[in-house]
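Peer 1: Quick one, coords-v4.tsv (TSV, C-alpha atoms):
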```
chain	number	residue	atom	x	y	z
A	1	ASP	CA	17.29	23.20	28.44
A	2	THR	CA	16.14	19.61	28.67
A	3	GLY	CA	12.43	20.36	28.82
A	4	VAL	CA	9.77	19.18	31.24
A	5	SER	CA	10.03	15.49	32.06
A	6	GLN	CA	7.41	13.19	33.56
A	7	ASP	CA	7.64	9.74	35.03
A	8	PRO	CA	6.28	7.20	34.39
A	9	ARG	CA	5.06	7.68	30.86
A	10	HIS	CA	2.46	4.94	31.24
A	11	LYS	CA	0.81	3.45	34.30
A	12	ILE	CA	-1.73	0.65	34.47
A	13	THR	CA	-3.34	0.03	37.82
A	14	LYS	CA	-6.31	-1.74	39.33
A	15	ARG	CA	-9.24	0.16	40.74
A	16	GLY	CA	-8.70	1.06	44.36
A	17	GLN	CA	-4.91	1.27	44.17
A	18	ASN	CA	-2.90	4.42	44.82
A	19	VAL	CA	-0.65	5.90	42.15
A	20	THR	CA	1.95	8.66	42.16
A	21	PHE	CA	3.34	10.60	39.23
A	22	ARG	CA	6.41	12.78	39.13
A	23	CYS	CA	7.13	15.94	37.16
A	24	ASP	CA	10.51	17.63	36.76
A	25	PRO	CA	10.08	21.15	35.39
A	26	ILE	CA	12.51	23.10	33.27
A	27	SER	CA	15.35	24.22	35.48
A	28	GLU	CA	14.67	27.49	37.30
A	29	HIS	CA	11.02	27.64	36.30
A	30	ASN	CA	9.27	28.67	39.50
A	31	ARG	CA	5.72	27.92	38.33
A	32	LEU	CA	4.52	24.38	37.79
A	33	TYR	CA	1.10	23.21	36.56
A	34	TRP	CA	-0.85	19.97	36.42
A	35	TYR	CA	-3.53	19.29	33.81
A	36	ARG	CA	-5.66	16.26	32.99
A	37	GLN	CA	-6.74	15.24	29.50
A	38	THR	CA	-9.38	12.67	28.66
A	39	LEU	CA	-9.90	11.14	25.24
A	40	GLY	CA	-11.08	13.61	22.62
A	41	GLN	CA	-10.90	16.61	24.95
A	42	GLY	CA	-8.37	19.37	25.49
A	43	PRO	CA	-6.32	19.46	28.68
A	44	GLU	CA	-8.10	20.69	31.83
A	45	PHE	CA	-6.34	22.61	34.57
A	46	LEU	CA	-5.96	20.86	37.93
A	47	THR	CA	-3.59	22.92	40.05
A	48	TYR	CA	-0.48	25.07	40.05
A	49	PHE	CA	2.48	25.92	42.26
A	50	GLN	CA	4.63	28.96	42.64
A	51	ASN	CA	7.82	27.54	44.09
A	52	GLU	CA	6.59	25.22	46.87
A	53	ALA	CA	3.27	26.99	47.43
A	54	GLN	CA	0.13	25.50	45.89
A	55	LEU	CA	-1.80	28.61	44.87
A	56	GLU	CA	-4.83	27.36	42.97
A	57	LYS	CA	-6.79	24.14	42.77
A	58	SER	CA	-9.54	23.24	40.34
A	59	ARG	CA	-12.80	21.71	41.51
A	60	LEU	CA	-11.67	18.71	39.42
A	61	LEU	CA	-9.08	18.00	42.10
A	62	SER	CA	-11.15	15.83	44.40
A	63	ASP	CA	-10.13	14.77	47.91
A	64	ARG	CA	-8.49	11.68	46.46
A	65	PHE	CA	-5.98	13.84	44.59
A	66	SER	CA	-3.02	15.52	46.23
A	67	ALA	CA	-0.14	17.41	44.70
A	68	GLU	CA	3.09	18.53	46.30
A	69	ARG	CA	6.20	20.43	45.39
A	70	PRO	CA	8.19	20.19	48.61
A	71	LYS	CA	11.40	21.94	47.62
A	72	GLY	CA	10.10	24.09	44.81
A	73	SER	CA	11.67	21.87	42.17
A	74	PHE	CA	9.99	18.58	41.15
A	75	SER	CA	6.35	17.89	41.89
A	76	THR	CA	4.31	14.79	42.59
A	77	LEU	CA	0.64	14.10	41.93
A	78	GLU	CA	-0.91	11.28	43.93
A	79	ILE	CA	-4.28	9.70	43.31
A	80	GLN	CA	-5.65	7.56	46.12
A	81	ARG	CA	-8.22	4.79	45.67
A	82	THR	CA	-8.20	5.11	41.91
A	83	GLU	CA	-11.43	4.83	39.96
A	84	GLN	CA	-11.99	3.97	36.31
A	85	GLY	CA	-12.94	7.59	35.68
A	86	ASP	CA	-9.42	8.61	36.63
A	87	SER	CA	-8.12	7.06	33.41
A	88	ALA	CA	-6.59	9.96	31.50
A	89	MET	CA	-3.37	11.63	30.42
A	90	TYR	CA	-1.86	13.69	33.24
A	91	LEU	CA	0.19	16.59	31.95
A	92	CYS	CA	2.69	18.78	33.72
A	93	ALA	CA	3.86	22.20	32.55
A	94	SER	CA	6.22	24.86	33.83
A	95	ARG	CA	6.91	28.48	33.04
A	96	SER	CA	9.28	31.27	33.96
A	97	THR	CA	8.16	34.22	31.83
A	98	ASP	CA	4.77	34.16	30.10
A	99	THR	CA	4.66	30.80	28.32
A	100	GLN	CA	3.86	27.35	29.70
A	101	TYR	CA	5.89	24.44	28.36
A	102	PHE	CA	4.42	20.98	28.67
A	103	GLY	CA	5.93	17.61	29.39
A	104	PRO	CA	5.10	14.39	27.52
A	105	GLY	CA	2.45	13.35	30.01
A	106	THR	CA	1.70	10.23	32.03
A	107	ARG	CA	-1.06	8.04	30.64
A	108	LEU	CA	-3.01	6.34	33.42
A	109	THR	CA	-5.24	3.37	32.78
A	110	VAL	CA	-7.39	2.14	35.65
A	111	LEU	CA	-8.74	-1.39	35.17
B	112	ASP	CA	-10.95	33.97	29.88
B	113	ALA	CA	-12.61	34.57	26.52
B	114	LYS	CA	-14.12	31.60	24.72
B	115	THR	CA	-12.60	30.59	21.39
B	116	THR	CA	-14.22	28.89	18.42
B	117	GLN	CA	-12.28	26.75	15.96
B	118	PRO	CA	-13.35	24.45	13.14
B	119	PRO	CA	-13.18	20.82	14.31
B	120	SER	CA	-11.07	19.65	11.39
B	121	MET	CA	-9.15	20.81	8.33
B	122	ASP	CA	-7.05	19.24	5.59
B	123	CYS	CA	-4.07	20.80	3.86
B	124	ALA	CA	-1.85	19.52	1.06
B	125	GLU	CA	1.78	18.91	1.91
B	126	GLY	CA	3.95	21.86	0.93
B	127	ARG	CA	1.08	24.32	0.96
B	128	ALA	CA	0.37	26.94	3.60
B	129	ALA	CA	-2.02	25.81	6.33
B	130	ASN	CA	-4.27	28.60	7.61
B	131	LEU	CA	-6.04	27.80	10.86
B	132	PRO	CA	-8.74	30.26	11.94
B	133	CYS	CA	-9.87	31.11	15.46
B	134	ASN	CA	-12.71	33.32	16.61
B	135	HIS	CA	-12.48	35.07	19.97
B	136	SER	CA	-15.13	37.75	19.68
B	137	THR	CA	-15.35	38.42	23.43
B	138	ILE	CA	-11.62	38.98	23.90
B	139	SER	CA	-10.70	41.91	26.11
B	140	GLY	CA	-7.88	44.38	25.66
B	141	ASN	CA	-5.46	42.69	28.07
B	142	GLU	CA	-5.88	39.13	26.78
B	143	TYR	CA	-3.29	37.34	24.68
B	144	VAL	CA	-3.93	34.79	21.95
B	145	TYR	CA	-1.85	31.61	22.32
B	146	TRP	CA	-1.50	28.69	19.95
B	147	TYR	CA	-0.42	25.20	20.96
B	148	ARG	CA	-0.49	21.96	19.05
B	149	GLN	CA	-0.64	18.37	20.20
B	150	ILE	CA	0.67	15.53	18.14
B	151	HIS	CA	-0.93	12.19	18.94
B	152	SER	CA	-0.13	10.95	22.46
B	153	GLN	CA	2.34	13.76	23.19
B	154	GLY	CA	2.10	16.82	25.42
B	155	PRO	CA	0.96	20.15	23.94
B	156	GLN	CA	3.70	22.07	22.14
B	157	TYR	CA	3.84	25.86	22.31
B	158	ILE	CA	3.78	27.50	18.89
B	159	ILE	CA	3.32	31.25	19.18
B	160	HIS	CA	1.39	33.98	20.99
B	161	GLY	CA	0.47	37.62	20.46
B	162	LEU	CA	-1.50	40.54	21.85
B	163	LYS	CA	-2.44	42.73	18.90
B	164	ASN	CA	0.48	42.83	16.49
B	165	ASN	CA	1.17	40.08	14.00
B	166	GLU	CA	3.90	37.73	15.16
B	167	THR	CA	6.26	35.36	13.36
B	168	ASN	CA	8.73	32.79	14.60
B	169	GLU	CA	10.51	29.79	13.16
B	170	MET	CA	7.39	27.65	13.39
B	171	ALA	CA	4.52	29.86	12.29
B	172	SER	CA	2.96	33.27	11.81
B	173	LEU	CA	0.06	34.66	13.83
B	174	ILE	CA	-2.23	37.19	12.20
B	175	ILE	CA	-4.62	39.02	14.55
B	176	THR	CA	-7.38	41.17	13.07
B	177	GLU	CA	-7.45	44.85	13.92
B	178	ASP	CA	-10.54	44.44	16.13
B	179	ARG	CA	-8.83	41.41	17.77
B	180	LYS	CA	-11.97	39.32	17.45
B	181	SER	CA	-10.29	36.66	15.35
B	182	SER	CA	-6.87	35.36	14.42
B	183	THR	CA	-5.23	32.98	11.97
B	184	LEU	CA	-2.28	30.70	12.54
B	185	ILE	CA	-0.26	30.16	9.38
B	186	LEU	CA	2.10	27.24	8.85
B	187	PRO	CA	3.88	28.41	5.71
B	188	HIS	CA	4.96	25.09	4.20
B	189	ALA	CA	3.07	22.26	5.84
B	190	THR	CA	4.75	18.87	6.22
B	191	LEU	CA	3.34	15.53	7.31
B	192	ARG	CA	4.80	16.15	10.76
B	193	ASP	CA	2.45	19.11	11.17
B	194	THR	CA	-0.52	16.74	11.43
B	195	ALA	CA	-1.85	17.46	14.93
B	196	VAL	CA	-4.63	19.07	16.96
B	197	TYR	CA	-4.16	22.84	17.11
B	198	TYR	CA	-5.50	24.78	20.06
B	199	CYS	CA	-6.24	28.50	20.12
B	200	ILE	CA	-6.34	29.85	23.67
B	201	VAL	CA	-7.03	33.28	25.08
B	202	ARG	CA	-5.42	34.16	28.41
B	203	GLY	CA	-5.26	37.36	30.39
B	204	ILE	CA	-2.09	39.17	31.30
B	205	LEU	CA	-0.36	37.39	34.14
B	206	THR	CA	-0.70	38.98	37.54
B	207	ASN	CA	0.53	37.93	40.95
B	208	PHE	CA	-2.82	36.38	41.72
B	209	GLY	CA	-4.46	35.14	38.58
B	210	ASN	CA	-4.70	34.27	34.91
B	211	GLU	CA	-2.37	31.35	35.37
B	212	LYS	CA	-4.35	28.53	33.85
B	213	LEU	CA	-4.77	27.81	30.17
B	214	THR	CA	-8.31	26.93	29.12
B	215	PHE	CA	-8.22	24.53	26.18
B	216	GLY	CA	-11.15	23.86	23.88
B	217	THR	CA	-11.31	20.88	21.56
B	218	GLY	CA	-9.11	22.50	18.91
B	219	THR	CA	-8.79	21.89	15.16
B	220	ARG	CA	-7.56	18.54	13.93
B	221	LEU	CA	-5.26	19.41	11.02
B	222	THR	CA	-4.41	16.62	8.61
B	223	ILE	CA	-1.63	17.14	6.08
B	224	ILE	CA	-2.32	15.21	2.90
B	225	PRO	CA	0.68	13.84	0.96
```
What does this structure look like when you write it as structure tokens?

Peer 2:
Amino acid sequence: DTGVSQDPRHKITKRGQNVTFRCDPISEHNRLYWYRQTLGQGPEFLTYFQNEAQLEKSRLLSDRFSAERPKGSFSTLEIQRTEQGDSAMYLCASRSTDTQYFGPGTRLTVL
Amino acid sequence: DAKTTQPPSMDCAEGRAANLPCNHSTISGNEYVYWYRQIHSQGPQYIIHGLKNNETNEMASLIITEDRKSSTLILPHATLRDTAVYYCIVRGILTNFGNEKLTFGTGTRLTIIP
């Protein structure tokens, strides 16, 4: 079990650019989650997938955000036209039974 | 999900037991108590969870009061590497259609003092 992996670990971008993050869940975990964490706060739920189906989205997931999990394995989170308020740690988690396991996160800085 | 209340910060001497409290007075009968911790700039790490019985694993022990309105996470012999933010989370039993997300508060910042 290699754990949840995320790529890149850090991303610096200019306002208005598009960014895409990747998450590879633990092998055979059919549920995958995205969270966002800003400084000094706990993680906040964004969305989750069961296999390739996106089953729930938070109101935090604005129209500029899109997540996919096309083959039910890895997932991508894209942010279009980034804003400074998008600066945060983006966390991915996966589960098979009743416990979510988190990856190391991708830290996004929007200049 | 039930709201949890934790002290914002705590200190503990290295080698001593760290006892982290959590209040969840509105918890319902089918809600679990989960504990995660987050070391600086890393993703949250699962520690332990329980429903109503006390639980122990290689990392920690979880003591849940009989009325289930509060719990305590115990790190038996704290080390410097246990310095982290500890989150207590209440989550309902998983169903096909809900209770998937974890709702984090701001947690307790535990500092282990050498």

Peer 1: Determine the nearest neighbour of Ile223 in chain B from the options B:Ile174, B:Val196, B:Leu191, B:Ile204, counting only C-alpha atoms.

Peer 2: B:Leu191

Peer 1: Which value, in Å to one decimal, gives the distance between CA of Ser62 in chain A and CA of Trp34 in chain A?

Peer 2: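 One can read the CA of Ser62 in chain A to CA of Trp34 in chain A distance as 13.7 Å.
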
Peer 1: Mind pulling up the distance from CA of Thr115 in chain B to CA of Ala129 in chain B?

Peer 2: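 Separation of CA of Ala129 in chain B and CA of Thr115 in chain B: 19.0 Å.
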
Peer 1: Would you compute the distance between CA of Gly72 in chain A and CA of Arg22 in chain A? Give it in Å to one decimal.

Peer 2: 13.2 Å

Peer 1: Counting only C-alpha atoms, which of B:Leu184, B:Ile224, B:Ala124, B:Ile150 gets nearest to chain A?

Peer 2: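 With only C-alpha atoms as the atom set, the closest residue is B:Ile150.
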
Peer 1: With a distance cut-off of 12 Å and all atoms listed in the file, select the neighbouring residues of Ile26 in chain A, excluding the residue or stretch itself and same-chain residues fewer than 2 positions from it, and output the selection as a list in words.

Peer 2: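 Surrounding residues, per the criterion: Asp1, Thr2, Gly3, Val4, Ser5, Gln6, Cys23, Asp24, Glu28, His29, Asn30, Arg31, Leu32, Tyr33, Gly72, Ser73, Phe74, Ser75, Cys92, Ala93, Ser94, Arg95, Ser96, Gln100, Tyr101, Phe102 and Gly103 of chain A.
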
Peer 1: From the options B:Thr137, B:Asn165, B:Ser172, B:Gln149, which residue's atoms come nearest to Leu186 in chain B, counting only C-alpha atoms?

Peer 2: B:Ser172

Peer 1: Would you please work out which residue, of B:Tyr197, B:Glu125, B:His188, B:His160, is nearest to Phe215 in chain B when using all atoms listed in the file?

Peer 2: B:Tyr197

Peer 1: Which chain B residues are at most 8 Å from chain A (counting all atoms listed in the file), as a PyMOL selection string?

Peer 2: chain B and resi 153-157+205+212-218

Peer 1: Return the single residue from A:Asp7, A:Glu78, A:Glu52, A:Glu83 that is closest to Ser66 in chain A, with distances computed using all atoms listed in the file.

Peer 2: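 Closest candidate: A:Glu78.
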
Peer 1: Counting only C-alpha atoms, select every polymer residue within 7 Å of (-4.2, 38.1, 27.2) as defined in the file's coordinates, and provide the selection as a PyMOL selection string.

Peer 2: chain B and resi 141-144+162+201-204

Peer 1: Please report, as JSON, the centre and edge lengths in Å to one decimal of an axis-aligned box covering all listed atoms of range 158-176 of chain B with 5 Å per side.

Peer 2:
```
{"center_x": 1.6, "center_y": 35.2, "center_z": 16.8, "size_x": 27.9, "size_y": 25.3, "size_z": 20.0}
```

Peer 1: Nearest residue to Gln84 in chain A out of A:Arg15, A:Arg59, A:Arg36, A:Lys71, using only C-alpha atoms?

Peer 2: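 Selected residue with least distance to Gln84 in chain A: A:Arg15.
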
Peer 1: Contacts of Ser136 in chain B at 10 Å or less, counting all atoms listed in the file, minus same-chain residues fewer than 4 places along, as a list of chain:residue names?

Peer 2: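 Here the qualifying residues turn out to be B:Ala113, B:Lys114, B:Thr115, B:Thr116, B:Asp178, B:Arg179, B:Lys180, B:Ser181.
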